[in-house]
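Peer 1: Below you'll find start.json; it's JSON, C-alpha atoms.
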[["chain", "number", "residue", "atom", "x", "y", "z"],
["S", 1, "MET", "CA", 52.80, -38.06, 7.69],
["S", 2, "ALA", "CA", 52.78, -34.29, 7.43],
["S", 3, "ASP", "CA", 50.62, -32.31, 9.81],
["S", 4, "ASP", "CA", 47.63, -30.52, 8.22],
["S", 5, "VAL", "CA", 48.83, -27.15, 9.39],
["S", 6, "LEU", "CA", 52.00, -27.43, 7.31],
["S", 7, "PHE", "CA", 49.94, -27.38, 4.14],
["S", 8, "GLU", "CA", 48.10, -24.26, 5.29],
["S", 9, "PHE", "CA", 51.32, -22.43, 6.12],
["S", 10, "LEU", "CA", 52.92, -23.50, 2.88],
["S", 11, "HIS", "CA", 49.88, -22.41, 0.90],
["S", 12, "MET", "CA", 49.86, -18.94, 2.50],
["S", 13, "GLU", "CA", 53.54, -18.49, 1.78],
["S", 14, "MET", "CA", 53.15, -19.70, -1.81],
["S", 15, "VAL", "CA", 50.42, -17.15, -2.49],
["S", 16, "SER", "CA", 52.48, -14.41, -0.87],
["S", 17, "HIS", "CA", 55.58, -15.37, -2.84],
["S", 18, "ILE", "CA", 53.87, -15.55, -6.24],
["S", 19, "TYR", "CA", 52.35, -12.10, -5.80],
["S", 20, "LYS", "CA", 55.56, -10.51, -4.52],
["S", 21, "GLU", "CA", 57.43, -11.94, -7.48],
["S", 22, "GLN", "CA", 54.97, -10.59, -10.01],
["S", 23, "ALA", "CA", 54.98, -7.17, -8.33],
["S", 24, "SER", "CA", 58.74, -6.97, -8.64],
["S", 25, "ARG", "CA", 58.60, -7.72, -12.35],
["S", 26, "GLY", "CA", 56.27, -4.83, -13.17],
["S", 27, "GLU", "CA", 53.36, -4.94, -15.64],
["S", 28, "MET", "CA", 50.56, -4.46, -13.15],
["S", 29, "ASP", "CA", 47.81, -5.39, -15.62],
["S", 30, "LYS", "CA", 49.08, -8.86, -16.29],
["S", 31, "ASP", "CA", 49.84, -9.48, -12.63],
["S", 32, "ARG", "CA", 46.59, -10.83, -11.26],
["S", 33, "ALA", "CA", 45.88, -13.15, -14.15],
["S", 34, "THR", "CA", 49.39, -14.58, -14.22],
["S", 35, "CYS", "CA", 49.47, -15.14, -10.48],
["S", 36, "VAL", "CA", 46.08, -16.77, -10.44],
["S", 37, "SER", "CA", 46.92, -19.02, -13.34],
["S", 38, "ALA", "CA", 50.29, -20.03, -11.86],
["S", 39, "LEU", "CA", 48.60, -21.02, -8.60],
["S", 40, "GLU", "CA", 45.73, -22.72, -10.39],
["S", 41, "GLY", "CA", 48.15, -24.65, -12.57],
["S", 42, "MET", "CA", 50.08, -25.91, -9.54],
["S", 43, "GLY", "CA", 46.84, -26.96, -7.89],
["S", 44, "PHE", "CA", 45.77, -28.77, -11.04],
["S", 45, "ARG", "CA", 48.87, -30.97, -11.14],
["S", 46, "VAL", "CA", 48.63, -31.74, -7.44],
["S", 47, "GLY", "CA", 44.92, -32.56, -7.73],
["S", 48, "GLN", "CA", 45.72, -35.04, -10.47],
["S", 49, "GLY", "CA", 48.51, -36.54, -8.39],
["S", 50, "LEU", "CA", 46.28, -37.01, -5.36],
["S", 51, "ILE", "CA", 43.65, -38.87, -7.36],
["S", 52, "GLU", "CA", 46.23, -41.07, -9.09],
["S", 53, "ARG", "CA", 47.23, -42.60, -5.78],
["S", 54, "PHE", "CA", 43.79, -42.65, -4.26],
["S", 55, "THR", "CA", 41.91, -44.54, -6.90],
["S", 56, "LYS", "CA", 44.51, -47.24, -7.45],
["S", 57, "ASP", "CA", 42.58, -49.87, -5.59],
["S", 58, "SER", "CA", 39.08, -48.54, -5.20],
["S", 59, "PRO", "CA", 36.08, -49.15, -7.50],
["S", 60, "SER", "CA", 35.30, -46.60, -10.20],
["S", 61, "PHE", "CA", 32.37, -44.23, -9.78],
["S", 62, "LYS", "CA", 29.04, -44.98, -11.42],
["S", 63, "ASP", "CA", 28.13, -41.45, -12.59],
["S", 64, "ASP", "CA", 28.95, -37.77, -12.31],
["S", 65, "LEU", "CA", 26.85, -37.31, -9.21],
["S", 66, "ASP", "CA", 28.76, -40.10, -7.51],
["S", 67, "ILE", "CA", 32.00, -38.32, -8.35],
["S", 68, "MET", "CA", 30.69, -35.04, -6.98],
["S", 69, "LYS", "CA", 29.66, -36.74, -3.76],
["S", 70, "PHE", "CA", 33.18, -38.10, -3.43],
["S", 71, "ILE", "CA", 34.55, -34.60, -3.90],
["S", 72, "CYS", "CA", 32.14, -33.22, -1.32],
["S", 73, "LYS", "CA", 32.95, -35.85, 1.27],
["S", 74, "ASP", "CA", 36.17, -37.86, 1.06],
["S", 75, "PHE", "CA", 38.15, -35.38, -0.99],
["S", 76, "TRP", "CA", 37.06, -32.27, 0.88],
["S", 77, "ILE", "CA", 37.63, -33.92, 4.27],
["S", 78, "ASN", "CA", 41.14, -34.91, 3.36],
["S", 79, "VAL", "CA", 42.16, -31.70, 1.72],
["S", 80, "PHE", "CA", 40.17, -29.11, 3.67],
["S", 81, "ARG", "CA", 39.51, -31.01, 6.88],
["S", 82, "LYS", "CA", 35.72, -30.99, 6.68],
["S", 83, "GLN", "CA", 32.88, -31.94, 4.36],
["S", 84, "ILE", "CA", 31.16, -29.60, 1.95],
["S", 85, "ASP", "CA", 28.16, -28.03, 3.67],
["S", 86, "ASN", "CA", 25.84, -27.87, 0.71],
["S", 87, "LEU", "CA", 25.76, -29.31, -2.82],
["S", 88, "ARG", "CA", 23.37, -28.03, -5.47],
["S", 89, "THR", "CA", 23.03, -28.95, -9.12],
["S", 90, "ASN", "CA", 20.93, -27.99, -12.08],
["S", 91, "HIS", "CA", 21.24, -31.56, -13.37],
["S", 92, "GLN", "CA", 22.68, -30.12, -16.54],
["S", 93, "GLY", "CA", 26.34, -30.20, -15.65],
["S", 94, "THR", "CA", 26.62, -27.37, -13.16],
["S", 95, "TYR", "CA", 27.37, -28.12, -9.53],
["S", 96, "VAL", "CA", 27.65, -25.60, -6.73],
["S", 97, "LEU", "CA", 29.65, -26.67, -3.68],
["S", 98, "GLN", "CA", 29.26, -24.52, -0.63],
["S", 99, "ASP", "CA", 31.75, -24.46, 2.20],
["S", 100, "ASN", "CA", 30.72, -22.21, 5.08],
["S", 101, "LYS", "CA", 34.08, -22.22, 6.77],
["S", 102, "PHE", "CA", 36.77, -22.72, 4.15],
["S", 103, "SER", "CA", 39.95, -23.72, 5.92],
["S", 104, "LEU", "CA", 42.30, -21.70, 3.75],
["S", 105, "LEU", "CA", 40.37, -18.49, 4.33],
["S", 106, "THR", "CA", 39.85, -18.69, 8.07],
["S", 107, "GLN", "CA", 43.25, -17.15, 8.71],
["S", 108, "LEU", "CA", 42.20, -14.01, 6.87],
["S", 109, "SER", "CA", 40.34, -11.40, 8.77],
["S", 110, "SER", "CA", 36.63, -11.31, 8.05],
["S", 111, "GLY", "CA", 36.47, -7.60, 7.27],
["S", 112, "LYS", "CA", 34.96, -6.54, 3.94],
["S", 113, "GLN", "CA", 38.26, -5.14, 2.65],
["S", 114, "TYR", "CA", 39.72, -8.63, 2.60],
["S", 115, "LEU", "CA", 37.04, -9.94, 0.27],
["S", 116, "GLU", "CA", 39.05, -8.52, -2.60],
["S", 117, "GLU", "CA", 42.07, -10.53, -1.57],
["S", 118, "ALA", "CA", 40.16, -13.79, -1.21],
["S", 119, "PRO", "CA", 40.49, -14.93, -4.85],
["S", 120, "LYS", "CA", 44.28, -15.17, -4.40],
["S", 121, "TYR", "CA", 43.68, -17.77, -1.74],
["S", 122, "LEU", "CA", 41.20, -19.73, -3.81],
["S", 123, "ALA", "CA", 43.14, -20.17, -7.04],
["S", 124, "TYR", "CA", 45.21, -23.12, -5.85],
["S", 125, "SER", "CA", 42.14, -24.90, -4.46],
["S", 126, "CYS", "CA", 40.20, -24.43, -7.69],
["S", 127, "GLY", "CA", 43.11, -26.05, -9.46],
["S", 128, "LEU", "CA", 43.10, -28.92, -6.97],
["S", 129, "VAL", "CA", 39.44, -29.63, -7.65],
["S", 130, "ARG", "CA", 39.83, -29.24, -11.42],
["S", 131, "GLY", "CA", 42.83, -31.58, -11.41],
["S", 132, "ALA", "CA", 41.05, -34.17, -9.29],
["S", 133, "LEU", "CA", 37.97, -34.09, -11.53],
["S", 134, "SER", "CA", 40.11, -34.26, -14.63],
["S", 135, "ASN", "CA", 41.70, -37.52, -13.45],
["S", 136, "LEU", "CA", 38.27, -38.85, -12.55],
["S", 137, "GLY", "CA", 37.18, -38.29, -16.12],
["S", 138, "MET", "CA", 35.37, -34.98, -15.79],
["S", 139, "ASP", "CA", 36.65, -32.04, -17.81],
["S", 140, "CYS", "CA", 35.33, -28.88, -16.30],
["S", 141, "VAL", "CA", 35.79, -25.30, -15.31],
["S", 142, "VAL", "CA", 36.08, -24.56, -11.61],
["S", 143, "THR", "CA", 35.45, -21.10, -10.26],
["S", 144, "ALA", "CA", 35.07, -19.84, -6.74],
["S", 145, "GLU", "CA", 33.24, -17.02, -5.05],
["S", 146, "VAL", "CA", 33.33, -15.66, -1.57],
["S", 147, "SER", "CA", 30.43, -13.93, 0.07],
["S", 148, "PRO", "CA", 30.51, -12.46, 3.53],
["S", 149, "MET", "CA", 29.03, -14.43, 6.39],
["S", 150, "PRO", "CA", 25.81, -12.95, 7.71],
["S", 151, "SER", "CA", 26.58, -11.00, 10.88],
["M", 152, "LEU", "CA", 43.58, -49.54, 9.88],
["M", 153, "CYS", "CA", 40.47, -50.52, 7.96],
["M", 154, "ARG", "CA", 40.71, -50.22, 4.21],
["M", 155, "GLU", "CA", 38.55, -47.08, 4.08],
["M", 156, "CYS", "CA", 40.63, -45.26, 6.67],
["M", 157, "LYS", "CA", 43.87, -46.30, 5.03],
["M", 158, "ARG", "CA", 42.68, -44.96, 1.69],
["M", 159, "LEU", "CA", 41.73, -41.62, 3.19],
["M", 160, "THR", "CA", 44.98, -41.30, 5.10],
["M", 161, "ILE", "CA", 46.97, -41.63, 1.90],
["M", 162, "LEU", "CA", 45.20, -38.69, 0.32],
["M", 163, "ASN", "CA", 45.90, -36.35, 3.21],
["M", 164, "SER", "CA", 49.54, -37.02, 3.90],
["M", 165, "GLU", "CA", 50.43, -36.50, 0.29],
["M", 166, "LEU", "CA", 48.82, -33.10, -0.06],
["M", 167, "PHE", "CA", 51.75, -31.35, 1.58],
["M", 168, "THR", "CA", 54.37, -33.43, -0.22],
["M", 169, "LEU", "CA", 52.79, -32.94, -3.63],
["M", 170, "THR", "CA", 52.20, -29.23, -3.01],
["M", 171, "TYR", "CA", 55.84, -28.83, -2.04],
["M", 172, "GLY", "CA", 56.87, -30.63, -5.20],
["M", 173, "ALA", "CA", 54.71, -28.34, -7.32],
["M", 174, "LEU", "CA", 56.28, -25.34, -5.61],
["M", 175, "VAL", "CA", 59.84, -26.49, -6.30],
["M", 176, "THR", "CA", 58.91, -27.21, -9.92],
["M", 177, "GLN", "CA", 57.45, -23.71, -10.25],
["M", 178, "LEU", "CA", 60.54, -22.10, -8.71],
["M", 179, "CYS", "CA", 62.79, -24.02, -11.09],
["M", 180, "LYS", "CA", 60.77, -22.56, -13.94],
["M", 181, "ASP", "CA", 60.89, -19.02, -12.55],
["M", 182, "TYR", "CA", 64.57, -18.85, -11.66],
["M", 183, "GLU", "CA", 67.57, -19.42, -13.83],
["M", 184, "ASN", "CA", 69.72, -21.48, -11.55],
["M", 185, "ASP", "CA", 69.62, -23.88, -8.62],
["M", 186, "GLU", "CA", 71.38, -21.45, -6.29],
["M", 187, "GLU", "CA", 68.58, -18.94, -6.71],
["M", 188, "VAL", "CA", 65.93, -21.62, -6.14],
["M", 189, "ASN", "CA", 67.74, -22.73, -2.98],
["M", 190, "LYS", "CA", 67.75, -19.13, -1.79],
["M", 191, "GLN", "CA", 64.02, -18.70, -2.45],
["M", 192, "LEU", "CA", 63.20, -21.94, -0.65],
["M", 193, "ASP", "CA", 65.23, -20.77, 2.34],
["M", 194, "LYS", "CA", 63.48, -17.38, 2.35],
["M", 195, "MET", "CA", 60.04, -18.94, 2.14],
["M", 196, "GLY", "CA", 60.96, -21.41, 4.84],
["M", 197, "TYR", "CA", 62.06, -18.53, 7.04],
["M", 198, "ASN", "CA", 58.71, -16.75, 6.55],
["M", 199, "ILE", "CA", 56.90, -19.95, 7.48],
["M", 200, "GLY", "CA", 59.18, -20.64, 10.46],
["M", 201, "VAL", "CA", 58.57, -17.28, 12.14],
["M", 202, "ARG", "CA", 54.86, -18.13, 12.19],
["M", 203, "LEU", "CA", 55.08, -21.85, 12.74],
["M", 204, "ILE", "CA", 56.89, -21.35, 16.05],
["M", 205, "GLU", "CA", 53.71, -19.87, 17.56],
["M", 206, "ASP", "CA", 51.72, -22.90, 16.48],
["M", 207, "PHE", "CA", 54.43, -25.13, 17.91],
["M", 208, "LEU", "CA", 54.63, -23.37, 21.26],
["M", 209, "ALA", "CA", 50.84, -23.36, 21.58],
["M", 210, "ARG", "CA", 50.49, -27.07, 20.84],
["M", 211, "SER", "CA", 53.53, -28.58, 22.46],
["M", 212, "SER", "CA", 53.59, -26.85, 25.86],
["M", 213, "VAL", "CA", 57.37, -27.09, 25.80],
["M", 214, "GLY", "CA", 59.04, -24.65, 28.19],
["M", 215, "ARG", "CA", 62.11, -22.52, 27.58],
["M", 216, "CYS", "CA", 65.15, -24.64, 26.68],
["M", 217, "GLN", "CA", 68.07, -24.36, 29.09],
["M", 218, "ASP", "CA", 70.75, -24.97, 26.49],
["M", 219, "PHE", "CA", 71.41, -25.88, 22.89],
["M", 220, "ARG", "CA", 71.38, -29.60, 23.68],
["M", 221, "GLU", "CA", 67.85, -29.32, 24.98],
["M", 222, "THR", "CA", 66.91, -27.32, 21.90],
["M", 223, "ALA", "CA", 68.26, -30.11, 19.71],
["M", 224, "ASP", "CA", 66.18, -32.71, 21.53],
["M", 225, "VAL", "CA", 63.02, -30.64, 21.31],
["M", 226, "ILE", "CA", 63.53, -30.09, 17.59],
["M", 227, "ALA", "CA", 64.12, -33.77, 16.89],
["M", 228, "LYS", "CA", 61.71, -35.45, 19.28],
["M", 229, "VAL", "CA", 58.85, -32.94, 19.49],
["M", 230, "ALA", "CA", 58.85, -30.62, 16.47],
["M", 231, "PHE", "CA", 59.83, -33.04, 13.73],
["M", 232, "LYS", "CA", 57.48, -35.65, 15.18],
["M", 233, "MET", "CA", 54.59, -33.23, 15.40],
["M", 234, "TYR", "CA", 54.92, -31.76, 11.93],
["M", 235, "LEU", "CA", 56.51, -34.41, 9.78],
["M", 236, "GLY", "CA", 55.83, -37.59, 11.74],
["M", 237, "ILE", "CA", 59.51, -38.55, 11.91],
["M", 238, "THR", "CA", 62.09, -38.45, 14.70],
["M", 239, "PRO", "CA", 65.56, -37.68, 13.40],
["M", 240, "SER", "CA", 68.48, -38.67, 15.59],
["M", 241, "VAL", "CA", 70.72, -36.01, 17.11],
["M", 242, "THR", "CA", 74.44, -36.74, 16.64],
["M", 243, "ASN", "CA", 77.87, -35.37, 15.76],
["M", 244, "TRP", "CA", 78.06, -32.74, 18.45],
["M", 245, "SER", "CA", 80.99, -30.35, 18.12],
["M", 246, "PRO", "CA", 83.36, -30.28, 21.14],
["M", 247, "ALA", "CA", 82.12, -26.79, 22.01],
["M", 248, "GLY", "CA", 78.54, -28.05, 22.00],
["M", 249, "ASP", "CA", 77.43, -25.40, 19.52],
["M", 250, "GLU", "CA", 76.89, -27.57, 16.49],
["M", 251, "PHE", "CA", 75.04, -30.84, 15.86],
["M", 252, "SER", "CA", 73.51, -32.94, 13.13],
["M", 253, "LEU", "CA", 69.99, -34.19, 12.63],
["M", 254, "ILE", "CA", 70.02, -37.49, 10.77],
["M", 255, "LEU", "CA", 66.82, -38.27, 8.90],
["M", 256, "GLU", "CA", 66.46, -41.92, 7.85],
["M", 257, "SER", "CA", 63.57, -40.86, 5.66],
["M", 258, "ASN", "CA", 62.43, -37.47, 4.41],
["M", 259, "PRO", "CA", 58.68, -37.12, 3.85],
["M", 260, "LEU", "CA", 59.22, -34.20, 1.49],
["M", 261, "VAL", "CA", 60.92, -36.37, -1.08],
["M", 262, "ASP", "CA", 58.43, -39.22, -1.46],
["M", 263, "PHE", "CA", 58.15, -40.01, -5.16],
["M", 264, "VAL", "CA", 60.71, -37.32, -6.05],
["M", 265, "GLU", "CA", 63.64, -37.81, -8.38],
["M", 266, "LEU", "CA", 65.94, -34.95, -9.24],
["M", 267, "PRO", "CA", 66.35, -34.46, -12.99],
["M", 268, "ASP", "CA", 69.94, -34.44, -14.27],
["M", 269, "ASN", "CA", 70.30, -30.72, -14.79],
["M", 270, "HIS", "CA", 69.60, -29.83, -11.15],
["M", 271, "SER", "CA", 72.57, -31.34, -9.41],
["M", 272, "THR", "CA", 73.03, -28.41, -7.03],
["M", 273, "LEU", "CA", 69.39, -28.05, -6.09],
["M", 274, "VAL", "CA", 68.80, -28.52, -2.39],
["M", 275, "TYR", "CA", 65.27, -29.80, -2.77],
["M", 276, "SER", "CA", 64.28, -29.66, 0.90],
["M", 277, "ASN", "CA", 65.93, -26.33, 1.60],
["M", 278, "LEU", "CA", 62.62, -24.97, 2.90],
["M", 279, "LEU", "CA", 63.31, -26.96, 6.09],
["M", 280, "CYS", "CA", 66.50, -25.00, 6.76],
["M", 281, "GLY", "CA", 64.64, -21.72, 6.50],
["M", 282, "VAL", "CA", 61.84, -22.97, 8.75],
["M", 283, "LEU", "CA", 64.28, -23.99, 11.48],
["M", 284, "ARG", "CA", 66.20, -20.74, 11.19],
["M", 285, "GLY", "CA", 63.05, -18.58, 11.30],
["M", 286, "ALA", "CA", 61.48, -20.48, 14.16],
["M", 287, "LEU", "CA", 64.61, -20.35, 16.33],
["M", 288, "GLU", "CA", 65.10, -16.66, 15.63],
["M", 289, "MET", "CA", 61.72, -16.05, 17.23],
["M", 290, "VAL", "CA", 62.99, -17.69, 20.41],
["M", 291, "GLN", "CA", 66.09, -15.54, 20.44],
["M", 292, "MET", "CA", 68.53, -17.93, 18.79],
["M", 293, "ALA", "CA", 70.50, -17.07, 15.67],
["M", 294, "VAL", "CA", 71.46, -20.32, 13.95],
["M", 295, "ASP", "CA", 72.95, -21.46, 10.71],
["M", 296, "VAL", "CA", 71.20, -24.46, 9.14],
["M", 297, "LYS", "CA", 72.20, -26.41, 6.10],
["M", 298, "PHE", "CA", 72.03, -29.83, 4.50],
["M", 299, "ALA", "CA", 75.25, -31.81, 4.87],
["M", 300, "GLN", "CA", 73.92, -34.96, 3.19],
["M", 301, "ASP", "CA", 70.90, -35.44, 0.96],
["M", 302, "SER", "CA", 69.34, -38.80, 0.08],
["M", 303, "LEU", "CA", 68.01, -37.24, -3.12],
["M", 304, "ARG", "CA", 71.55, -36.66, -4.27],
["M", 305, "GLY", "CA", 72.70, -40.19, -3.59],
["M", 306, "ASP", "CA", 73.70, -40.07, 0.07],
["M", 307, "ASN", "CA", 72.49, -42.86, 2.34],
["M", 308, "VAL", "CA", 70.83, -40.54, 4.75],
["M", 309, "THR", "CA", 69.75, -36.95, 4.93],
["M", 310, "GLU", "CA", 71.77, -34.88, 7.37],
["M", 311, "ILE", "CA", 70.93, -31.37, 8.52],
["M", 312, "ARG", "CA", 73.73, -29.52, 10.26],
["M", 313, "MET", "CA", 72.73, -26.86, 12.80],
["M", 314, "LYS", "CA", 75.15, -24.35, 14.28],
["M", 315, "PHE", "CA", 74.42, -21.94, 17.09],
["M", 316, "ILE", "CA", 75.66, -18.46, 16.18],
["M", 317, "LYS", "CA", 74.54, -16.26, 19.03],
["M", 318, "ARG", "CA", 71.76, -15.30, 21.34],
["M", 319, "ILE", "CA", 69.52, -12.50, 20.01],
["M", 320, "GLU", "CA", 69.09, -9.98, 22.81],
["M", 321, "GLU", "CA", 66.42, -7.56, 21.60],
["M", 322, "ASN", "CA", 62.97, -8.58, 20.41],
["M", 323, "LEU", "CA", 63.31, -7.82, 16.73],
["M", 324, "PRO", "CA", 60.00, -7.68, 14.86],
["M", 325, "ALA", "CA", 59.47, -10.61, 12.50],
["M", 326, "GLY", "CA", 59.88, -9.22, 9.04],
["M", 327, "ASP", "CA", 59.47, -10.83, 5.64],
["M", 328, "GLU", "CA", 62.82, -10.95, 3.96]]
Would you encode the structure as structure tokens?
Peer 2:
Amino acid sequence: MADDVLFEFLHMEMVSHIYKEQASRGEMDKDRATCVSALEGMGFRVGQGLIERFTKDSPSFKDDLDIMKFICKDFWINVFRKQIDNLRTNHQGTYVLQDNKFSLLTQLSSGKQYLEEAPKYLAYSCGLVRGALSNLGMDCVVTAEVSPMPS
Amino acid sequence: LCRECKRLTILNSELFTLTYGALVTQLCKDYENDEEVNKQLDKMGYNIGVRLIEDFLARSSVGRCQDFRETADVIAKVAFKMYLGITPSVTNWSPAGDEFSLILESNPLVDFVELPDNHSTLVYSNLLCGVLRGALEMVQMAVDVKFAQDSLRGDNVTEIRMKFIKRIEENLPAGDE
């Protein structure tokens, strides 16, 4: 069984590699979007794969809220080593999951200048969630935002 | 393990394996040939290794190794166990004591992986070689690491061959290659 920290190191290096590669191929405008979508796409396939094995012998969920609770607890614990801190919904298909200490961002410094870089480190995770939800029967769009912690 | 715990454990241990698989797939798309993919995996492994060593030293409280034999034991019994949950055996020492093999009965990276036909020279787990090389460089050892046998390519076991090149005297800064 692979240690949690291996995933974090691998993830950091993947992000770094994808961006270095794009930089060396020129076309600055397309860069960001292509990198983000490559990472998101990888996350999507892995998210699907994780759910395929997980739900083999467990009961199916009774509704969307049940699925979201699974994502906030079991899924988040296993992938990001903790539960979601806060879940909000407008009961019309939008859910907001709040993680106050996202494990893949804690290695980054908390200065304001790094806020701009944060999306690079969220693309893969958005894909993971989108892939997981897709295999659980929910087609959706997953976006992420980072706001600074209050000082 | 109770059924709940077992279920949850499965999710977690596969995250790294599946992520690695997605990475290799992506690299195969981005690069024209297996050799290039192998090179990229090695480079990325190196970048991970130079950082992973700090995590290892902090968590294992292993002291400085006296010789290459001790290094081999630490790699097999402490590092591999800590990070991949397996303990390869250390064998095939060269007469000079500067080269040995790690034999892995199972390789967690390749769970559920099958190499497609047109990738016969792909060294799927090459990241591991880079990690070992990068980590050892940070403790002043220049080594050459490569796969001698690969269960993905039909061999019975997976064998990693490690050769000690030389001691690195100065503290070179860790750079990305």
Peer 1: Taking only C-alpha atoms into account, find every residue of chain S that has an atom no more than 9 Å from chain M, and write it out as an MDAnalysis selection string.
Peer 2: chainID S and resid 1:14 17 38 42:43 45:47 49:51 53:55 57:58 74:75 77:79
Peer 1: Here is a test: counting all atoms listed in the file, which residue of M:Tyr275, M:Phe219, M:Val264, M:Leu255 is nearest to Leu192 in chain M?
Peer 2: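 The answer is M:Tyr275, which sits nearest to Leu192 in chain M.
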Peer 1: When you count only C-alpha atoms, which of these residues is closest to Arg130 in chain S: S:Asn100, S:Leu39, S:Phe44, S:Ala33?
Peer 2: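 Ranked by minimum distance to Arg130 in chain S, first place goes to S:Phe44.
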Peer 1: Can you tell me which residues surround range 138-146 of chain S at a distance of at most 10 Å, considering only C-alpha atoms, apart from same-chain residues fewer than 3 positions away, and format the answer as a PyMOL selection string?
Peer 2: chain S and resi 40+64+67-68+93-100+102+105+115-116+118-119+122-123+125-135+149
Peer 1: From the set M:Val261, M:Leu273, M:Val241, M:Val296, which residue has the shortest atom-to-atom contact distance to Glu221 in chain M, counting only C-alpha atoms?
Peer 2: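 That would be M:Val241, the residue with the smallest distance to Glu221 in chain M.
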Peer 1: Residues near Arg220 in chain M, anyone? I mean within 8 Å using only C-alpha atoms, not counting same-chain ones fewer than 3 positions away, as a ChimeraX atom specification.
Peer 2: /M:223-224,248
